[in-house]
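Q: If it helps, the file is called start_1.json and holds JSON, C-alpha atoms:
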```json
[["chain", "number", "residue", "atom", "x", "y", "z"],
["A", 106, "MET", "CA", -7.73, -35.23, 17.70],
["A", 107, "SER", "CA", -11.00, -36.96, 17.07],
["A", 108, "ASP", "CA", -12.50, -37.87, 13.74],
["A", 109, "ARG", "CA", -15.28, -35.45, 14.61],
["A", 110, "GLU", "CA", -12.84, -32.51, 14.62],
["A", 111, "VAL", "CA", -11.45, -33.58, 11.24],
["A", 112, "GLU", "CA", -14.98, -33.80, 9.83],
["A", 113, "ARG", "CA", -15.83, -30.31, 11.15],
["A", 114, "LEU", "CA", -12.71, -28.84, 9.57],
["A", 115, "GLU", "CA", -13.55, -30.58, 6.28],
["A", 116, "ARG", "CA", -17.09, -29.14, 6.30],
["A", 117, "GLN", "CA", -15.79, -25.63, 6.90],
["A", 118, "LEU", "CA", -13.24, -25.95, 4.11],
["A", 119, "GLN", "CA", -15.95, -27.18, 1.75],
["A", 120, "ARG", "CA", -18.08, -24.13, 2.59],
["A", 121, "ILE", "CA", -15.12, -21.88, 1.84],
["A", 122, "GLU", "CA", -14.55, -23.65, -1.49],
["A", 123, "LYS", "CA", -18.13, -22.83, -2.51],
["A", 124, "GLU", "CA", -17.47, -19.12, -2.00],
["A", 125, "LEU", "CA", -14.20, -19.03, -3.96],
["A", 126, "PRO", "CA", -13.89, -18.45, -7.69],
["A", 127, "ALA", "CA", -13.89, -21.75, -9.63],
["A", 128, "ARG", "CA", -10.15, -21.81, -10.34],
["A", 129, "ALA", "CA", -9.17, -21.06, -6.73],
["A", 130, "ALA", "CA", -11.67, -23.65, -5.47],
["A", 131, "ARG", "CA", -10.19, -26.31, -7.79],
["A", 132, "THR", "CA", -6.68, -25.50, -6.60],
["A", 133, "LEU", "CA", -7.71, -25.65, -2.94],
["A", 134, "ARG", "CA", -9.56, -28.93, -3.51],
["A", 135, "TRP", "CA", -6.49, -30.41, -5.21],
["A", 136, "LEU", "CA", -4.18, -29.24, -2.41],
["A", 137, "ARG", "CA", -6.47, -30.85, 0.19],
["A", 138, "GLU", "CA", -6.31, -34.28, -1.43],
["A", 139, "PRO", "CA", -4.18, -36.81, 0.49],
["A", 140, "SER", "CA", -2.00, -37.39, -2.59],
["A", 141, "SER", "CA", -1.00, -33.69, -2.61],
["A", 142, "ARG", "CA", 0.63, -33.85, 0.82],
["A", 143, "TRP", "CA", 4.16, -33.41, -0.52],
["A", 144, "VAL", "CA", 3.11, -30.23, -2.31],
["A", 145, "ARG", "CA", 0.78, -28.95, 0.43],
["A", 146, "ILE", "CA", 3.38, -28.96, 3.23],
["A", 147, "PRO", "CA", 6.06, -26.91, 1.42],
["A", 148, "VAL", "CA", 3.42, -24.51, 0.03],
["A", 149, "GLY", "CA", 2.03, -24.08, 3.56],
["A", 150, "ILE", "CA", 5.47, -23.41, 5.05],
["A", 151, "LEU", "CA", 6.40, -20.98, 2.26],
["A", 152, "SER", "CA", 3.06, -19.18, 2.67],
["A", 153, "ILE", "CA", 3.69, -18.72, 6.39],
["A", 154, "ILE", "CA", 7.17, -17.36, 5.69],
["A", 155, "GLY", "CA", 5.70, -15.06, 3.01],
["A", 156, "GLY", "CA", 3.12, -13.84, 5.51],
["A", 157, "LEU", "CA", 5.85, -13.02, 8.01],
["A", 158, "LEU", "CA", 7.64, -11.05, 5.27],
["A", 159, "SER", "CA", 4.49, -9.07, 4.43],
["A", 160, "PHE", "CA", 6.38, -5.79, 4.37],
["A", 161, "LEU", "CA", 7.89, -6.83, 1.02],
["A", 162, "PRO", "CA", 6.03, -6.15, -2.25],
["A", 163, "ILE", "CA", 3.65, -8.89, -3.46],
["A", 164, "LEU", "CA", 3.86, -10.84, -0.20],
["A", 165, "GLY", "CA", 1.11, -10.11, 2.26],
["A", 166, "ILE", "CA", -0.30, -10.99, 5.64],
["A", 167, "TRP", "CA", -3.00, -12.97, 3.79],
["A", 168, "MET", "CA", -0.39, -15.67, 3.18],
["A", 169, "LEU", "CA", -0.11, -16.48, 6.91],
["A", 170, "PRO", "CA", -3.65, -17.89, 7.39],
["A", 171, "LEU", "CA", -3.40, -19.67, 4.04],
["A", 172, "GLY", "CA", -0.23, -21.44, 5.16],
["A", 173, "LEU", "CA", -1.78, -22.40, 8.50],
["A", 174, "LEU", "CA", -4.87, -23.69, 6.72],
["A", 175, "LEU", "CA", -2.77, -25.90, 4.46],
["A", 176, "LEU", "CA", -0.61, -27.20, 7.30],
["A", 177, "ALA", "CA", -3.65, -27.95, 9.47],
["A", 178, "GLN", "CA", -4.46, -30.79, 7.09],
["A", 179, "ASP", "CA", -1.30, -32.63, 8.18],
["A", 180, "VAL", "CA", -0.47, -31.27, 11.65],
["A", 181, "PRO", "CA", -3.16, -32.36, 14.16],
["A", 182, "PRO", "CA", -2.39, -29.69, 16.82],
["A", 183, "LEU", "CA", -3.20, -26.97, 14.24],
["A", 184, "ARG", "CA", -6.61, -28.38, 13.32],
["A", 185, "ARG", "CA", -8.69, -27.13, 16.25],
["A", 186, "PRO", "CA", -7.30, -23.56, 16.31],
["A", 187, "THR", "CA", -7.60, -23.38, 12.52],
["A", 188, "ARG", "CA", -11.17, -24.61, 12.64],
["A", 189, "ARG", "CA", -12.03, -22.04, 15.31],
["A", 190, "ALA", "CA", -10.39, -19.25, 13.32],
["A", 191, "LEU", "CA", -12.32, -20.29, 10.21],
["A", 192, "LEU", "CA", -15.57, -20.30, 12.15],
["A", 193, "TRP", "CA", -14.83, -16.85, 13.61],
["A", 194, "GLY", "CA", -13.92, -15.50, 10.15],
["A", 195, "GLU", "CA", -17.06, -16.91, 8.60],
["A", 196, "GLN", "CA", -19.26, -15.41, 11.33],
["A", 197, "TRP", "CA", -17.50, -12.05, 10.98],
["A", 198, "TRP", "CA", -17.99, -12.09, 7.22],
["A", 199, "LEU", "CA", -21.70, -12.95, 7.46],
["A", 200, "LYS", "CA", -22.25, -10.23, 10.07],
["A", 201, "ARG", "CA", -20.49, -7.70, 7.84],
["A", 202, "LYS", "CA", -22.54, -8.83, 4.84],
["A", 203, "ARG", "CA", -25.81, -8.47, 6.81],
["A", 204, "LYS", "CA", -24.86, -4.95, 7.94],
["A", 205, "ARG", "CA", -24.14, -3.94, 4.35],
["A", 206, "MET", "CA", -27.49, -5.28, 3.18],
["A", 207, "ALA", "CA", -29.31, -3.52, 6.03],
["A", 208, "ASN", "CA", -27.65, -0.22, 5.13],
["A", 209, "GLY", "CA", -28.57, -0.67, 1.47],
["A", 210, "SER", "CA", -25.00, -0.57, 0.21]]
```
Take the structure in the file and give it back as structure tokens.

A:
Amino acid sequence: MSDREVERLERQLQRIEKELPARAARTLRWLREPSSRWVRIPVGILSIIGGLLSFLPILGIWMLPLGLLLLAQDVPPLRRPTRRALLWGEQWWLKRKRKRMANGS
């Protein structure tokens, strides 16, 4: 994977951080640091497992994309699909937001 792809993923993650509450943004920023690799990988794997067990209380499907996002930092084949999914999600969210504003909600 090229450095350009890594830079694109980084930019998208930075945009997401800006939208998160301060505490969540700090945690995400810390997890993305290179020194946090040994925490990020197990948290990513556990989040994916938790997402697959979403039928249990507390665990939810939301954990699956979070785990993939964390693992994409260290697993190059996951970077491009993760970046595309982030871009799709961001476009969907903005479209939804615009519709709400147009309807006056």

Q: Between A:Leu192, A:Val148, A:Leu169, A:Ala207, which residue has the minimum interatomic distance to Arg116 in chain A, considering all atoms listed in the file?

A: A:Leu192

Q: For range 113-123 of chain A, what centre and edge lengths in Å (one decimal) does the axis-aligned box get once 3 Å is added on each side of all its listed atoms, as AutoDock Vina command-line options?

A:
```
--center_x -15.4 --center_y -26.2 --center_z 4.3 --size_x 11.4 --size_y 14.7 --size_z 19.7
```

Q: Find the residues around range 123-132 of chain A up to 12 Å (only C-alpha atoms counted), leave out those fewer than 3 positions away in its own chain, and share them as a PyMOL selection string.

A: chain A and resi 116-120+135-138+141+144-145+175+195+198

Q: Between CA of Gln196 in chain A and CA of Leu174 in chain A, measure the distance and give it in Å to one decimal.

A: 17.2 Å

Q: For Thr187 in chain A, which residue out of A:Ile150, A:Leu173, A:Met206, A:Leu164 is the nearest one, using only C-alpha atoms?

A: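 For Thr187 in chain A, the nearest of the candidates is A:Leu173.
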
Q: Rounded to one decimal place, report the CA of Glu110 in chain A-CA of Arg188 in chain A distance in Å.

A: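 About the pair CA of Glu110 in chain A and CA of Arg188 in chain A: they are 8.3 Å apart.
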
Q: Pick from A:Gly172, A:Val180, A:Arg203, A:Glu112: nearest to Pro147 in chain A, with all atoms listed in the file counted?

A: A:Gly172

Q: Measuring atom to atom with only C-alpha atoms, identify which of A:Leu199, A:Leu114, A:Ile153, A:Pro139 is nearest to Leu171 in chain A.

A: A:Ile153

Q: Return the single residue from A:Ile163, A:Trp143, A:Trp197, A:Gly155 that is closest to Leu176 in chain A, with distances computed using only C-alpha atoms.

A: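 Among the listed residues, the smallest separation from Leu176 in chain A belongs to A:Trp143.
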
Q: Which is closer to Pro186 in chain A than all the others in A:Arg109, A:Arg201, A:Ser152, A:Pro170, using all atoms listed in the file?

A: A:Pro170

Q: May I ask for the distance between CA of Leu157 in chain A and CA of Lys202 in chain A, given in Å to one decimal place?

A: 28.9 Å

Q: Need to verify the contact set: Arg185 in chain A, 10 Å, all atoms listed in the file, exclusion of same-chain residues closer than 4 positions in sequence. Can you return it as a ChimeraX atom specification?

A: /A:106,110-111,113-114,177,181,189-191

Q: Would you kindly place all heavy atoms on range 142-153 of chain A and return the model as an mmCIF file, keeping the file's coordinate frame?

A:
```
data_model
loop_
_atom_site.group_PDB
_atom_site.id
_atom_site.type_symbol
_atom_site.label_atom_id
_atom_site.label_comp_id
_atom_site.auth_asym_id
_atom_site.auth_seq_id
_atom_site.Cartn_x
_atom_site.Cartn_y
_atom_site.Cartn_z
ATOM 1 N N ARG A 142 -0.046 -34.169 -0.442
ATOM 2 C CA ARG A 142 0.630 -33.850 0.820
ATOM 3 C C ARG A 142 2.021 -33.277 0.600
ATOM 4 O O ARG A 142 2.419 -32.331 1.266
ATOM 5 C CB ARG A 142 0.708 -35.096 1.685
ATOM 6 C CG ARG A 142 1.350 -34.849 3.004
ATOM 7 C CD ARG A 142 1.401 -36.085 3.842
ATOM 8 N NE ARG A 142 1.908 -35.723 5.158
ATOM 9 C CZ ARG A 142 2.021 -36.546 6.135
ATOM 10 N NH1 ARG A 142 1.653 -37.797 5.984
ATOM 11 N NH2 ARG A 142 2.500 -36.151 7.297
ATOM 12 N N TRP A 143 2.774 -33.839 -0.320
ATOM 13 C CA TRP A 143 4.160 -33.410 -0.520
ATOM 14 C C TRP A 143 4.259 -32.066 -1.238
ATOM 15 O O TRP A 143 5.322 -31.468 -1.290
ATOM 16 C CB TRP A 143 4.962 -34.485 -1.243
ATOM 17 C CG TRP A 143 4.966 -35.736 -0.420
ATOM 18 C CD1 TRP A 143 4.337 -36.913 -0.706
ATOM 19 C CD2 TRP A 143 5.573 -35.911 0.856
ATOM 20 N NE1 TRP A 143 4.518 -37.814 0.309
ATOM 21 C CE2 TRP A 143 5.284 -37.222 1.294
ATOM 22 C CE3 TRP A 143 6.329 -35.099 1.697
ATOM 23 C CZ2 TRP A 143 5.726 -37.727 2.516
ATOM 24 C CZ3 TRP A 143 6.760 -35.608 2.903
ATOM 25 C CH2 TRP A 143 6.463 -36.905 3.301
ATOM 26 N N VAL A 144 3.158 -31.582 -1.754
ATOM 27 C CA VAL A 144 3.110 -30.230 -2.310
ATOM 28 C C VAL A 144 2.527 -29.283 -1.244
ATOM 29 O O VAL A 144 3.001 -28.167 -1.064
ATOM 30 C CB VAL A 144 2.246 -30.185 -3.593
ATOM 31 C CG1 VAL A 144 2.062 -28.773 -4.083
ATOM 32 C CG2 VAL A 144 2.854 -31.053 -4.665
ATOM 33 N N ARG A 145 1.507 -29.766 -0.550
ATOM 34 C CA ARG A 145 0.780 -28.950 0.430
ATOM 35 C C ARG A 145 1.688 -28.466 1.568
ATOM 36 O O ARG A 145 1.634 -27.296 1.962
ATOM 37 C CB ARG A 145 -0.376 -29.771 1.005
ATOM 38 C CG ARG A 145 -1.217 -29.061 1.989
ATOM 39 C CD ARG A 145 -2.442 -29.866 2.425
ATOM 40 N NE ARG A 145 -2.121 -31.193 2.910
ATOM 41 C CZ ARG A 145 -2.535 -32.322 2.326
ATOM 42 N NH1 ARG A 145 -3.275 -32.288 1.252
ATOM 43 N NH2 ARG A 145 -2.213 -33.494 2.839
ATOM 44 N N ILE A 146 2.533 -29.336 2.093
ATOM 45 C CA ILE A 146 3.380 -28.960 3.230
ATOM 46 C C ILE A 146 4.378 -27.859 2.855
ATOM 47 O O ILE A 146 4.431 -26.832 3.539
ATOM 48 C CB ILE A 146 4.071 -30.203 3.833
ATOM 49 C CG1 ILE A 146 3.006 -31.106 4.471
ATOM 50 C CG2 ILE A 146 5.131 -29.804 4.849
ATOM 51 C CD1 ILE A 146 3.519 -32.455 4.934
ATOM 52 N N PRO A 147 5.152 -28.011 1.768
ATOM 53 C CA PRO A 147 6.060 -26.910 1.420
ATOM 54 C C PRO A 147 5.330 -25.614 1.056
ATOM 55 O O PRO A 147 5.782 -24.524 1.430
ATOM 56 C CB PRO A 147 6.839 -27.434 0.206
ATOM 57 C CG PRO A 147 6.681 -28.901 0.231
ATOM 58 C CD PRO A 147 5.387 -29.181 0.937
ATOM 59 N N VAL A 148 4.188 -25.714 0.374
ATOM 60 C CA VAL A 148 3.420 -24.510 0.030
ATOM 61 C C VAL A 148 2.929 -23.838 1.318
ATOM 62 O O VAL A 148 2.968 -22.612 1.450
ATOM 63 C CB VAL A 148 2.254 -24.843 -0.922
ATOM 64 C CG1 VAL A 148 1.287 -23.681 -1.053
ATOM 65 C CG2 VAL A 148 2.774 -25.238 -2.281
ATOM 66 N N GLY A 149 2.479 -24.631 2.282
ATOM 67 C CA GLY A 149 2.030 -24.080 3.560
ATOM 68 C C GLY A 149 3.158 -23.377 4.295
ATOM 69 O O GLY A 149 2.986 -22.253 4.795
ATOM 70 N N ILE A 150 4.325 -24.015 4.366
ATOM 71 C CA ILE A 150 5.470 -23.410 5.050
ATOM 72 C C ILE A 150 5.917 -22.133 4.339
ATOM 73 O O ILE A 150 6.163 -21.106 4.977
ATOM 74 C CB ILE A 150 6.632 -24.420 5.164
ATOM 75 C CG1 ILE A 150 6.237 -25.533 6.129
ATOM 76 C CG2 ILE A 150 7.919 -23.734 5.623
ATOM 77 C CD1 ILE A 150 7.186 -26.724 6.137
ATOM 78 N N LEU A 151 6.000 -22.178 3.016
ATOM 79 C CA LEU A 151 6.400 -20.980 2.260
ATOM 80 C C LEU A 151 5.373 -19.863 2.400
ATOM 81 O O LEU A 151 5.742 -18.684 2.444
ATOM 82 C CB LEU A 151 6.620 -21.333 0.788
ATOM 83 C CG LEU A 151 7.857 -22.190 0.496
ATOM 84 C CD1 LEU A 151 7.880 -22.602 -0.971
ATOM 85 C CD2 LEU A 151 9.127 -21.447 0.877
ATOM 86 N N SER A 152 4.102 -20.210 2.481
ATOM 87 C CA SER A 152 3.060 -19.180 2.670
ATOM 88 C C SER A 152 3.198 -18.516 4.030
ATOM 89 O O SER A 152 3.031 -17.296 4.146
ATOM 90 C CB SER A 152 1.670 -19.797 2.528
ATOM 91 O OG SER A 152 1.452 -20.218 1.211
ATOM 92 N N ILE A 153 3.502 -19.295 5.055
ATOM 93 C CA ILE A 153 3.690 -18.720 6.390
ATOM 94 C C ILE A 153 4.895 -17.780 6.388
ATOM 95 O O ILE A 153 4.826 -16.660 6.903
ATOM 96 C CB ILE A 153 3.851 -19.831 7.442
ATOM 97 C CG1 ILE A 153 2.517 -20.550 7.626
ATOM 98 C CG2 ILE A 153 4.346 -19.260 8.772
ATOM 99 C CD1 ILE A 153 2.585 -21.795 8.475
#
```
